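As stored in my_file25.cif (mmCIF, C-alpha atoms):
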```cif
data_protein
loop_
_atom_site.label_atom_id
_atom_site.label_comp_id
_atom_site.auth_asym_id
_atom_site.auth_seq_id
_atom_site.Cartn_x
_atom_site.Cartn_y
_atom_site.Cartn_z
CA MET A 1450 -0.78 -25.71 15.61
CA LYS A 1451 -0.77 -22.04 16.55
CA LYS A 1452 -2.44 -19.52 14.25
CA LYS A 1453 -0.24 -17.01 12.49
CA ALA A 1454 -0.76 -13.25 12.66
CA VAL A 1455 0.93 -10.29 10.98
CA ILE A 1456 1.54 -7.40 13.41
CA LEU A 1457 2.34 -3.86 12.27
CA LEU A 1458 5.30 -2.81 14.39
CA SER A 1459 6.58 0.75 14.17
CA GLY A 1460 8.82 0.45 17.20
CA GLY A 1461 6.69 2.84 19.24
CA LEU A 1462 4.80 2.24 22.47
CA ASP A 1463 1.42 1.31 20.96
CA SER A 1464 2.56 -1.17 18.32
CA ALA A 1465 4.94 -2.88 20.77
CA THR A 1466 2.04 -3.37 23.19
CA CYS A 1467 -0.06 -4.66 20.33
CA LEU A 1468 2.59 -7.27 19.56
CA ALA A 1469 2.68 -8.29 23.24
CA ILE A 1470 -1.11 -8.71 23.18
CA ALA A 1471 -1.08 -10.80 19.98
CA ARG A 1472 1.55 -13.02 21.54
CA ALA A 1473 -0.50 -13.35 24.75
CA GLN A 1474 -3.46 -14.42 22.57
CA ASN A 1475 -1.26 -17.31 21.46
CA PHE A 1476 -0.56 -16.24 17.89
CA ASP A 1477 2.69 -17.01 16.07
CA CYS A 1478 3.70 -13.42 15.40
CA TYR A 1479 5.13 -12.08 12.13
CA ALA A 1480 6.19 -8.49 12.77
CA LEU A 1481 6.17 -5.99 9.90
CA SER A 1482 7.87 -2.61 9.84
CA PHE A 1483 8.30 -0.03 7.10
CA ASP A 1484 11.14 2.06 5.88
CA TYR A 1485 8.86 4.67 4.30
CA GLY A 1486 11.19 7.63 4.28
CA GLN A 1487 10.47 8.70 7.86
CA LYS A 1488 13.00 11.22 9.15
CA GLN A 1489 13.83 9.26 12.25
CA LEU A 1490 15.01 5.73 11.67
CA ALA A 1491 15.68 4.93 15.34
CA GLU A 1492 12.20 3.39 15.50
CA LEU A 1493 13.26 0.69 13.03
CA HIS A 1494 16.13 -0.36 15.28
CA ALA A 1495 13.69 -0.36 18.18
CA ALA A 1496 11.25 -2.50 16.17
CA LYS A 1497 13.92 -5.06 15.42
CA ASN A 1498 14.88 -5.41 19.08
CA ILE A 1499 11.26 -5.54 20.27
CA ALA A 1500 10.36 -8.22 17.70
CA ASN A 1501 13.26 -10.29 18.96
CA TYR A 1502 12.48 -9.62 22.66
CA LEU A 1503 8.84 -10.66 22.21
CA GLY A 1504 9.68 -13.79 20.27
CA ALA A 1505 8.33 -12.89 16.85
CA ILE A 1506 8.86 -15.75 14.39
CA GLN A 1507 10.04 -13.27 11.78
CA HIS A 1508 10.54 -9.51 11.46
CA LYS A 1509 10.41 -7.91 8.05
CA ILE A 1510 11.22 -4.32 7.10
CA VAL A 1511 9.63 -3.40 3.77
CA ARG A 1512 10.68 -0.32 1.82
CA VAL A 1513 7.88 1.89 0.52
CA GLY A 1514 8.66 5.30 -0.91
CA LEU A 1515 5.98 7.44 0.73
CA ASP A 1516 8.55 10.21 1.05
CA SER A 1517 8.45 10.67 -2.71
CA LEU A 1518 4.79 11.76 -2.38
CA GLY A 1519 5.54 14.48 0.19
CA GLY A 1520 2.77 16.13 2.17
CA SER A 1521 3.75 15.14 5.69
CA ALA A 1522 6.06 16.58 8.31
CA LEU A 1523 7.26 13.05 9.06
CA THR A 1524 8.68 12.48 5.57
CA ASP A 1525 9.09 15.89 3.95
CA ASP A 1526 12.22 17.88 4.76
CA THR A 1527 10.47 21.13 3.90
CA ILE A 1528 7.84 20.68 6.65
CA GLN A 1529 9.01 21.00 10.25
CA ILE A 1530 7.70 18.66 12.97
CA PRO A 1531 6.06 21.01 15.48
CA ASP A 1532 5.88 20.96 19.26
CA TYR A 1533 2.60 19.70 20.72
CA GLN A 1534 -0.30 22.13 20.40
CA LYS A 1535 -3.72 21.48 21.84
CA SER A 1536 -5.95 21.26 18.76
CA THR A 1537 -8.64 19.08 17.22
CA ASP A 1538 -7.24 19.57 13.69
CA ILE A 1539 -5.50 16.72 11.92
CA PRO A 1540 -1.81 17.60 12.45
CA VAL A 1541 0.95 18.07 9.85
CA THR A 1542 2.47 14.76 10.96
CA TYR A 1543 -0.43 13.00 9.22
CA VAL A 1544 0.98 10.88 6.36
CA PRO A 1545 -1.64 10.60 3.60
CA ALA A 1546 -3.00 7.04 3.35
CA ARG A 1547 -0.21 5.62 5.52
CA ASN A 1548 -2.25 3.04 7.41
CA THR A 1549 -3.97 1.95 4.19
CA VAL A 1550 -0.60 1.37 2.51
CA PHE A 1551 0.77 -0.46 5.56
CA ILE A 1552 -2.30 -2.67 6.05
CA SER A 1553 -2.35 -3.48 2.32
CA ILE A 1554 1.22 -4.74 2.48
CA ALA A 1555 0.41 -6.64 5.71
CA LEU A 1556 -2.48 -8.21 3.83
CA GLY A 1557 -0.16 -9.32 1.04
CA TRP A 1558 2.19 -10.93 3.57
CA ALA A 1559 -0.71 -12.50 5.47
CA GLU A 1560 -1.94 -14.10 2.27
CA VAL A 1561 1.52 -15.50 1.49
CA LEU A 1562 1.70 -16.89 5.06
CA SER A 1563 -1.90 -18.22 4.96
CA ALA A 1564 -2.64 -16.03 7.97
CA SER A 1565 -6.06 -14.44 8.40
CA ASP A 1566 -5.21 -12.15 11.32
CA ILE A 1567 -3.62 -8.71 11.20
CA PHE A 1568 -2.94 -6.62 14.31
CA VAL A 1569 -2.73 -2.84 14.25
CA GLY A 1570 -1.94 -0.76 17.34
CA ALA A 1571 -4.34 2.03 16.43
CA ASN A 1572 -6.08 3.92 19.11
CA ALA A 1573 -9.19 6.07 18.97
CA ILE A 1574 -8.48 8.09 22.08
CA ASP A 1575 -4.88 9.34 21.90
CA TYR A 1576 -4.99 9.06 18.13
CA SER A 1577 -3.84 12.57 17.25
CA GLY A 1578 -6.93 12.99 15.11
CA TYR A 1579 -5.71 10.72 12.30
CA PRO A 1580 -8.64 9.61 10.09
CA ASP A 1581 -7.14 6.17 9.45
CA CYS A 1582 -7.16 5.24 13.15
CA ARG A 1583 -10.95 5.11 13.58
CA PRO A 1584 -13.17 2.03 13.91
CA ASP A 1585 -15.26 2.65 10.76
CA TYR A 1586 -12.07 2.83 8.72
CA PHE A 1587 -10.87 -0.57 9.97
CA GLN A 1588 -14.22 -2.17 9.16
CA ALA A 1589 -13.93 -0.84 5.61
CA MET A 1590 -10.39 -2.25 5.33
CA GLU A 1591 -11.53 -5.65 6.54
CA ASN A 1592 -14.12 -5.67 3.77
CA VAL A 1593 -11.40 -4.81 1.24
CA ALA A 1594 -9.18 -7.61 2.59
CA ASN A 1595 -11.87 -10.18 1.97
CA LEU A 1596 -12.60 -8.97 -1.58
CA ALA A 1597 -9.03 -8.20 -2.66
CA THR A 1598 -7.44 -11.57 -2.08
CA LYS A 1599 -7.46 -15.03 -3.53
CA ALA A 1600 -7.74 -16.34 0.04
CA GLY A 1601 -10.70 -14.07 0.85
CA ARG A 1602 -12.51 -15.06 -2.35
CA ALA A 1603 -11.97 -18.69 -1.38
CA GLY A 1604 -13.75 -18.11 1.93
CA MET A 1605 -11.02 -17.03 4.35
CA LYS A 1606 -12.31 -14.33 6.69
CA PHE A 1607 -9.67 -11.72 7.46
CA ASN A 1608 -9.69 -10.07 10.85
CA ILE A 1609 -8.02 -6.73 11.49
CA HIS A 1610 -7.52 -6.62 15.25
CA THR A 1611 -7.20 -3.24 16.94
CA PRO A 1612 -6.94 -4.26 20.60
CA LEU A 1613 -5.88 -0.79 21.76
CA MET A 1614 -8.78 1.01 20.08
CA GLN A 1615 -10.70 1.91 23.23
CA MET A 1616 -7.76 2.17 25.65
CA ASN A 1617 -6.10 5.39 26.73
CA LYS A 1618 -2.33 5.69 26.94
CA SER A 1619 -2.15 4.79 30.62
CA ASP A 1620 -4.29 1.64 30.10
CA ILE A 1621 -1.98 0.63 27.26
CA ILE A 1622 1.12 1.11 29.41
CA ARG A 1623 -0.35 -0.89 32.31
CA GLU A 1624 -1.31 -3.71 29.93
CA GLY A 1625 2.15 -3.80 28.33
CA ILE A 1626 3.94 -3.90 31.68
CA LYS A 1627 1.64 -6.72 32.80
CA LEU A 1628 2.68 -8.63 29.68
CA GLY A 1629 6.38 -8.14 30.40
CA LEU A 1630 7.14 -5.36 27.91
CA ASP A 1631 10.11 -3.10 28.59
CA TYR A 1632 9.13 0.35 27.29
CA ALA A 1633 12.74 1.52 27.44
CA MET A 1634 13.10 -0.41 24.18
CA THR A 1635 10.39 1.59 22.38
CA VAL A 1636 10.84 4.86 20.50
CA SER A 1637 7.74 7.05 20.05
CA CYS A 1638 9.26 10.45 19.38
CA TYR A 1639 8.73 11.98 15.92
CA ARG A 1640 12.10 13.73 16.26
CA ALA A 1641 14.15 11.01 17.96
CA ASN A 1642 17.87 11.21 17.30
CA ALA A 1643 19.95 8.36 15.88
CA ASN A 1644 20.37 6.93 19.39
CA GLY A 1645 16.61 6.80 19.88
CA GLU A 1646 16.58 9.68 22.38
CA ALA A 1647 13.30 11.60 22.49
CA CYS A 1648 12.71 15.35 22.15
CA GLY A 1649 10.04 15.45 24.88
CA HIS A 1650 7.98 18.11 23.13
CA CYS A 1651 6.29 16.70 19.99
CA ASP A 1652 2.71 15.28 20.01
CA SER A 1653 3.96 11.78 20.37
CA CYS A 1654 6.26 12.57 23.32
CA THR A 1655 3.51 14.57 25.01
CA PHE A 1656 0.93 11.74 24.84
CA ARG A 1657 3.52 9.21 25.97
CA LYS A 1658 4.75 11.27 28.91
CA LYS A 1659 1.18 11.92 30.05
CA GLY A 1660 0.46 8.19 29.78
CA PHE A 1661 3.26 7.21 32.17
CA MET A 1662 2.20 9.96 34.54
CA GLU A 1663 -1.46 8.87 34.58
CA ALA A 1664 -0.49 5.20 34.90
CA GLN A 1665 1.68 6.23 37.86
CA MET A 1666 4.56 4.30 36.35
CA ALA A 1667 8.20 5.35 36.08
CA ASP A 1668 8.89 6.75 32.59
CA PRO A 1669 11.86 4.85 31.10
CA THR A 1670 12.08 7.10 28.03
CA ARG A 1671 15.56 8.35 27.21
CA TYR A 1672 15.40 12.08 26.48
CA VAL A 1673 17.99 14.21 24.69
CA LEU A 1674 20.05 16.58 26.77
CA ASN A 1675 19.22 20.18 25.92
CA MET B 1288 -9.09 24.98 -14.11
CA LYS B 1289 -8.85 21.32 -15.11
CA LYS B 1290 -9.37 18.64 -12.48
CA LYS B 1291 -6.42 16.50 -11.49
CA ALA B 1292 -6.41 12.71 -11.58
CA VAL B 1293 -3.89 10.07 -10.54
CA ILE B 1294 -3.59 7.26 -13.11
CA LEU B 1295 -1.99 3.88 -12.33
CA LEU B 1296 0.35 3.23 -15.25
CA SER B 1297 2.13 -0.09 -15.50
CA GLY B 1298 3.32 0.47 -19.04
CA GLY B 1299 1.06 -2.26 -20.42
CA LEU B 1300 -1.76 -2.02 -22.93
CA ASP B 1301 -4.64 -1.57 -20.47
CA SER B 1302 -3.16 1.12 -18.24
CA ALA B 1303 -1.88 3.10 -21.24
CA THR B 1304 -5.40 3.10 -22.68
CA CYS B 1305 -6.74 4.15 -19.30
CA LEU B 1306 -4.38 7.14 -19.30
CA ALA B 1307 -5.54 8.06 -22.82
CA ILE B 1308 -9.16 7.91 -21.63
CA ALA B 1309 -8.51 10.06 -18.54
CA ARG B 1310 -6.82 12.60 -20.76
CA ALA B 1311 -9.73 12.56 -23.22
CA GLN B 1312 -12.03 13.22 -20.24
CA ASN B 1313 -10.07 16.44 -19.75
CA PHE B 1314 -8.19 15.58 -16.56
CA ASP B 1315 -4.71 16.85 -15.77
CA CYS B 1316 -3.02 13.46 -15.50
CA TYR B 1317 -0.52 12.43 -12.84
CA ALA B 1318 0.82 9.02 -13.85
CA LEU B 1319 2.01 6.62 -11.15
CA SER B 1320 4.16 3.52 -11.67
CA PHE B 1321 5.74 1.11 -9.22
CA ASP B 1322 9.09 -0.50 -8.93
CA TYR B 1323 7.79 -3.38 -6.81
CA GLY B 1324 10.43 -5.97 -7.55
CA GLN B 1325 8.85 -7.22 -10.77
CA LYS B 1326 11.24 -9.36 -12.80
CA GLN B 1327 10.80 -7.36 -15.97
CA LEU B 1328 11.59 -3.69 -15.70
CA ALA B 1329 11.02 -2.89 -19.38
CA GLU B 1330 7.45 -1.89 -18.48
CA LEU B 1331 8.78 1.00 -16.36
CA HIS B 1332 10.68 2.41 -19.33
CA ALA B 1333 7.52 1.98 -21.39
CA ALA B 1334 5.48 3.77 -18.70
CA LYS B 1335 7.85 6.72 -18.71
CA ASN B 1336 7.62 7.12 -22.47
CA ILE B 1337 3.84 6.69 -22.55
CA ALA B 1338 3.34 9.26 -19.78
CA ASN B 1339 5.41 11.70 -21.79
CA TYR B 1340 3.70 10.85 -25.11
CA LEU B 1341 0.23 11.33 -23.60
CA GLY B 1342 1.14 14.61 -21.93
CA ALA B 1343 1.00 13.60 -18.26
CA ILE B 1344 1.79 16.56 -16.01
CA GLN B 1345 4.04 14.34 -13.92
CA HIS B 1346 5.16 10.71 -13.85
CA LYS B 1347 6.29 9.18 -10.57
CA ILE B 1348 7.86 5.78 -10.00
CA VAL B 1349 7.47 4.73 -6.36
CA ARG B 1350 9.50 1.88 -4.86
CA VAL B 1351 7.57 -0.69 -2.85
CA GLY B 1352 9.24 -3.92 -1.79
CA LEU B 1353 6.53 -6.45 -2.62
CA ASP B 1354 9.29 -8.83 -3.75
CA SER B 1355 10.36 -9.22 -0.13
CA LEU B 1356 6.97 -10.84 0.60
CA GLY B 1357 7.32 -13.47 -2.15
CA GLY B 1358 4.36 -15.57 -3.23
CA SER B 1359 4.11 -14.52 -6.88
CA ALA B 1360 5.74 -15.66 -10.09
CA LEU B 1361 6.12 -12.01 -11.08
CA THR B 1362 8.40 -11.16 -8.15
CA ASP B 1363 9.77 -14.43 -6.78
CA ASP B 1364 12.79 -15.95 -8.52
CA THR B 1365 11.87 -19.41 -7.25
CA ILE B 1366 8.50 -19.41 -9.10
CA GLN B 1367 8.60 -19.64 -12.89
CA ILE B 1368 6.21 -17.60 -15.06
CA PRO B 1369 4.27 -20.23 -17.03
CA ASP B 1370 2.98 -20.30 -20.60
CA TYR B 1371 -0.73 -19.56 -20.97
CA GLN B 1372 -3.03 -22.37 -19.87
CA LYS B 1373 -6.78 -22.25 -20.24
CA SER B 1374 -8.02 -22.28 -16.65
CA THR B 1375 -10.40 -20.50 -14.34
CA ASP B 1376 -7.99 -20.71 -11.38
CA ILE B 1377 -6.23 -17.61 -10.15
CA PRO B 1378 -2.76 -17.94 -11.75
CA VAL B 1379 0.69 -17.93 -10.08
CA THR B 1380 1.29 -14.47 -11.53
CA TYR B 1381 -1.19 -13.11 -8.98
CA VAL B 1382 0.66 -10.74 -6.61
CA PRO B 1383 -1.05 -10.81 -3.20
CA ALA B 1384 -2.77 -7.49 -2.49
CA ARG B 1385 -0.99 -5.71 -5.34
CA ASN B 1386 -3.86 -3.50 -6.50
CA THR B 1387 -4.69 -2.61 -2.89
CA VAL B 1388 -1.11 -1.51 -2.26
CA PHE B 1389 -0.98 0.45 -5.54
CA ILE B 1390 -4.35 2.16 -5.06
CA SER B 1391 -3.41 3.04 -1.47
CA ILE B 1392 -0.28 4.82 -2.65
CA ALA B 1393 -2.28 6.49 -5.44
CA LEU B 1394 -4.69 7.66 -2.76
CA GLY B 1395 -1.83 9.17 -0.76
CA TRP B 1396 -0.60 11.05 -3.82
CA ALA B 1397 -4.14 12.12 -4.74
CA GLU B 1398 -4.58 13.60 -1.28
CA VAL B 1399 -1.29 15.51 -1.54
CA LEU B 1400 -2.38 16.85 -4.97
CA SER B 1401 -5.95 17.63 -3.78
CA ALA B 1402 -7.21 15.28 -6.49
CA SER B 1403 -10.33 13.19 -5.94
CA ASP B 1404 -10.05 11.00 -9.03
CA ILE B 1405 -8.00 7.83 -9.45
CA PHE B 1406 -7.96 5.80 -12.67
CA VAL B 1407 -7.20 2.08 -12.75
CA GLY B 1408 -7.07 0.06 -15.98
CA ALA B 1409 -8.66 -3.03 -14.47
CA ASN B 1410 -10.81 -5.22 -16.56
CA ALA B 1411 -13.40 -7.80 -15.54
CA ILE B 1412 -13.31 -9.78 -18.78
CA ASP B 1413 -9.67 -10.47 -19.70
CA TYR B 1414 -8.71 -10.13 -16.05
CA SER B 1415 -6.82 -13.41 -15.62
CA GLY B 1416 -9.06 -14.24 -12.68
CA TYR B 1417 -7.43 -11.74 -10.31
CA PRO B 1418 -9.70 -11.02 -7.32
CA ASP B 1419 -8.61 -7.38 -7.08
CA CYS B 1420 -9.86 -6.56 -10.58
CA ARG B 1421 -13.58 -6.99 -9.88
CA PRO B 1422 -16.24 -4.28 -9.47
CA ASP B 1423 -17.18 -5.14 -5.85
CA TYR B 1424 -13.54 -4.78 -4.85
CA PHE B 1425 -13.28 -1.27 -6.32
CA GLN B 1426 -16.45 -0.18 -4.53
CA ALA B 1427 -14.93 -1.36 -1.25
CA MET B 1428 -11.71 0.56 -1.99
CA GLU B 1429 -13.66 3.73 -2.74
CA ASN B 1430 -15.28 3.44 0.66
CA VAL B 1431 -11.84 3.04 2.26
CA ALA B 1432 -10.55 6.10 0.39
CA ASN B 1433 -13.30 8.28 1.84
CA LEU B 1434 -12.76 7.04 5.40
CA ALA B 1435 -8.94 6.82 5.37
CA THR B 1436 -8.11 10.37 4.42
CA LYS B 1437 -8.22 13.83 5.90
CA ALA B 1438 -9.73 15.00 2.59
CA GLY B 1439 -12.42 12.28 2.63
CA ARG B 1440 -13.34 13.06 6.26
CA ALA B 1441 -13.65 16.73 5.26
CA GLY B 1442 -16.22 15.82 2.60
CA MET B 1443 -14.20 15.11 -0.54
CA LYS B 1444 -15.72 12.20 -2.44
CA PHE B 1445 -13.06 9.99 -4.02
CA ASN B 1446 -13.84 8.28 -7.32
CA ILE B 1447 -11.95 5.22 -8.47
CA HIS B 1448 -12.57 5.09 -12.22
CA THR B 1449 -12.27 1.76 -14.01
CA PRO B 1450 -13.26 2.73 -17.56
CA LEU B 1451 -12.08 -0.59 -19.05
CA MET B 1452 -14.06 -2.76 -16.64
CA GLN B 1453 -16.66 -4.00 -19.10
CA MET B 1454 -14.56 -3.87 -22.26
CA ASN B 1455 -12.83 -6.83 -23.86
CA LYS B 1456 -9.27 -6.58 -25.16
CA SER B 1457 -10.33 -5.74 -28.72
CA ASP B 1458 -12.67 -2.95 -27.52
CA ILE B 1459 -9.80 -1.54 -25.47
CA ILE B 1460 -7.43 -1.60 -28.45
CA ARG B 1461 -9.96 0.10 -30.74
CA GLU B 1462 -10.59 2.78 -28.12
CA GLY B 1463 -6.87 3.42 -27.62
CA ILE B 1464 -6.18 3.72 -31.34
CA LYS B 1465 -9.10 6.13 -31.68
CA LEU B 1466 -7.47 8.25 -28.95
CA GLY B 1467 -4.12 8.29 -30.74
CA LEU B 1468 -2.27 5.73 -28.67
CA ASP B 1469 0.67 3.91 -30.23
CA TYR B 1470 0.64 0.40 -28.77
CA ALA B 1471 4.17 -0.23 -30.00
CA MET B 1472 5.19 1.80 -26.94
CA THR B 1473 3.45 -0.52 -24.48
CA VAL B 1474 4.91 -3.66 -22.88
CA SER B 1475 2.45 -6.26 -21.60
CA CYS B 1476 4.59 -9.42 -21.49
CA TYR B 1477 5.33 -10.92 -18.05
CA ARG B 1478 8.67 -12.14 -19.39
CA ALA B 1479 9.70 -9.18 -21.56
CA ASN B 1480 13.44 -8.81 -22.02
CA ALA B 1481 15.40 -5.66 -21.23
CA ASN B 1482 14.55 -4.26 -24.68
CA GLY B 1483 10.83 -4.71 -24.02
CA GLU B 1484 10.50 -7.61 -26.47
CA ALA B 1485 7.66 -10.01 -25.65
CA CYS B 1486 7.75 -13.80 -25.25
CA GLY B 1487 4.45 -14.35 -27.06
CA HIS B 1488 3.40 -17.24 -24.82
CA CYS B 1489 2.51 -16.04 -21.31
CA ASP B 1490 -1.07 -15.17 -20.25
CA SER B 1491 -0.52 -11.51 -20.88
CA CYS B 1492 0.91 -12.04 -24.40
CA THR B 1493 -1.89 -14.45 -25.23
CA PHE B 1494 -4.69 -12.04 -24.27
CA ARG B 1495 -2.96 -9.17 -26.05
CA LYS B 1496 -2.37 -11.11 -29.27
CA LYS B 1497 -5.97 -12.30 -29.31
CA GLY B 1498 -7.12 -8.70 -28.76
CA PHE B 1499 -5.32 -7.37 -31.84
CA MET B 1500 -6.61 -10.30 -33.87
CA GLU B 1501 -10.22 -9.77 -32.79
CA ALA B 1502 -9.96 -6.01 -33.31
CA GLN B 1503 -8.62 -6.75 -36.80
CA MET B 1504 -5.76 -4.39 -36.14
CA ALA B 1505 -2.09 -4.88 -36.98
CA ASP B 1506 -0.20 -6.09 -33.88
CA PRO B 1507 2.75 -3.74 -33.31
CA THR B 1508 4.20 -5.86 -30.49
CA ARG B 1509 7.91 -6.55 -30.76
CA TYR B 1510 8.55 -10.23 -30.09
CA VAL B 1511 11.85 -11.93 -29.20
CA LEU B 1512 13.55 -14.01 -31.84
CA ASN B 1513 13.54 -17.66 -30.83
#
```

Written as structure tokens, how would this file's structure read?
Amino acid sequence: MKKKAVILLSGGLDSATCLAIARAQNFDCYALSFDYGQKQLAELHAAKNIANYLGAIQHKIVRVGLDSLGGSALTDDTIQIPDYQKSTDIPVTYVPARNTVFISIALGWAEVLSASDIFVGANAIDYSGYPDCRPDYFQAMENVANLATKAGRAGMKFNIHTPLMQMNKSDIIREGIKLGLDYAMTVSCYRANANGEACGHCDSCTFRKKGFMEAQMADPTRYVLN
Amino acid sequence: MKKKAVILLSGGLDSATCLAIARAQNFDCYALSFDYGQKQLAELHAAKNIANYLGAIQHKIVRVGLDSLGGSALTDDTIQIPDYQKSTDIPVTYVPARNTVFISIALGWAEVLSASDIFVGANAIDYSGYPDCRPDYFQAMENVANLATKAGRAGMKFNIHTPLMQMNKSDIIREGIKLGLDYAMTVSCYRANANGEACGHCDSCTFRKKGFMEAQMADPTRYVLN
């Protein structure tokens, strides 16, 4: 019997590759997306299609009202999503505690499924400076998973896999293409329109574009006319 | 200027006492409740009134779809909430990863508010055997809070306060009454009806009833006629 894993799937390039990797490692994949009040919902449509394309056993979209907390350009109408700017500061697109909330809910689902494996497409290189995308953070979350759950207390050892952690964007793209992923299906842009067309200028578009360039691969992203 | 704290407030006896304690410790209190698909919603009405009664600066109810994961008698219509049974097993009312999800969202709000203090009314004695109510778990979550956030990475030290941890139910009740709490406003019952009337027979009712008895205090709980 194949082992089950819960995979966080935003619908972007990284998480889609992460799902392809989990599948290649022979897990039965349970894909999990969140309707958390993000301005662009095109990524949820993308997530649904990617989960189906990559043969996920199930795809769940869970509602969590992070928008009611405010504090991020991705969820708060009063904060504009900026164009890319070279900076080492944590950007305004940071959503306070987002990965912790998402992994916690993944943990709940994993426990219900009797799964001990959770995949997160976080990346320490092109990570936009987010604090909850770093290796020490994931170790701390793994410790929480083992202490927080009935399963963990009974001896199950939870693993939070971050297979993209040490890869740069072009490595990720090469890996995904090798595994049969079609990146035209993914939506990375923070300002994507309802059709999933990308702005080409936000942080996320900039890293993605650079990735295809460095991988010397054709960029299948659909951009808005402007 | 007073320090801000986020207080998890279910509307039950423990969390209401916890809010009263945070207030007595001179924090500006931001009360946080969750609409997570629990069968009984009377506790949310109770939470709103308690937050107001105890002078919380703000009370937020955040939606999080834990019911879509299933696996708990509190959220899953196919699992019945049982009468109290003396047992050391973790009961079917356990909601996988619930405290981790709730504390994560509290952490997000704390970061938006620039607050470093989070209060949780967890209790290691009358804790129903839940794994995410034990001291080692809260230490692990505190570590996550410091690593997960922009504020934590910048040097803020988050504190997760669990002032009820070593108290039994009768200690908690005495403390709350000393601080002016009116327990008639609280709803603990897992099967409370829409008017907030308690069944008197579930785990939560049993611990609460015993608490008032041992504290030698009148029990102001409103029970259903049956």

_Answer key for the PyMOL selection byres ((chain A) within 8 of (chain B)), residues as JSON, numbers by chain_ = {"A": [1511, 1512, 1513, 1514, 1515, 1517, 1518, 1519, 1520, 1539, 1544, 1545, 1546, 1547, 1548, 1549, 1550, 1553, 1554, 1556, 1557, 1558, 1560, 1561, 1579, 1580, 1581, 1585, 1586, 1589, 1590, 1592, 1593, 1596, 1597, 1598, 1599, 1602]}

*Evaluate the PyMOL selection byres ((chain B and resi 1328) around 12) here and jot the selected residues down as a PyMOL selection string.*
chain B and resi 1297-1299+1320-1327+1329-1335+1348+1361-1362+1474-1484

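Using all atoms listed in the file, the residues found no farther than 10 Å from Asp1668 in chain A, other than those of its own chain fewer than 3 positions away, are A:Tyr1632, A:Ala1633, A:Arg1657, A:Lys1658, A:Lys1659, A:Gly1660, A:Phe1661, A:Met1662, A:Ala1664, A:Gln1665, A:Arg1671.
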
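Interatomic distance, CA of Gln1453 in chain B against CA of Ser1401 in chain B: 28.6 Å.
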
*What separation in Å, quoted to one decimal, exists between CA of Val1511 in chain B and CA of Thr1493 in chain B?*
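Going from CA of Val1511 in chain B over to CA of Thr1493 in chain B covers 14.5 Å.
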
Written as a compact mmCIF listing (two decimals) with C-alpha atoms, keeping the file's coordinate frame, which residues does the PyMOL selection byres ((chain B and resi 1313) around 12) give for the file shown?
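Result file result14.txt:
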```
# COMPACT_ATOMS: atom_id res chain seq x y z
CA MET B 1288 -9.09 24.98 -14.11
CA LYS B 1289 -8.85 21.32 -15.11
CA LYS B 1290 -9.37 18.64 -12.48
CA LYS B 1291 -6.42 16.50 -11.49
CA ALA B 1292 -6.41 12.71 -11.58
CA LEU B 1306 -4.38 7.14 -19.30
CA ALA B 1307 -5.54 8.06 -22.82
CA ILE B 1308 -9.16 7.91 -21.63
CA ALA B 1309 -8.51 10.06 -18.54
CA ARG B 1310 -6.82 12.60 -20.76
CA ALA B 1311 -9.73 12.56 -23.22
CA GLN B 1312 -12.03 13.22 -20.24
CA PHE B 1314 -8.19 15.58 -16.56
CA ASP B 1315 -4.71 16.85 -15.77
CA CYS B 1316 -3.02 13.46 -15.50
CA GLY B 1342 1.14 14.61 -21.93
CA ALA B 1343 1.00 13.60 -18.26
```

_Minimum-distance residue to Val1379 in chain B, chosen among B:Gln1367, B:Asp1301, B:Ala1411, B:Asn1455 (using all atoms listed in the file)_ =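 The shortest atom-to-atom distance to Val1379 in chain B comes from B:Gln1367.
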
*asked:* I'd like the neighbourhood of range 1444-1447 of chain B as a list in words, where a residue qualifies if any of its atoms comes within 6 Å (using only C-alpha atoms), though same-chain residues fewer than 5 positions away should be ignored.
replied: Ser1403, Asp1404, Ile1405 and Phe1406 of chain B

*Take CA of Asp1490 in chain B and CA of Thr1304 in chain B and report the distance between them in Å, one decimal.*
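Interatomic distance here is 18.9 Å.
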
*Selected residue of minimal separation from Cys1489 in chain B among B:Ile1337, B:Ala1402, B:Ile1368, B:Ile1459, counting all atoms listed in the file*: B:Ile1368

*Up to 7 Å from (-4.7, -0.8, 15.3) in the file's coordinates: name the residues, counting only C-alpha atoms, as a PyMOL selection string.*
chain A and resi 1568-1572+1582+1610-1614

*Which one of B:Ile1412, B:Asn1339, B:Met1443, B:Met1472 sits closest to Thr1375 in chain B if you count only C-alpha atoms?*
B:Ile1412
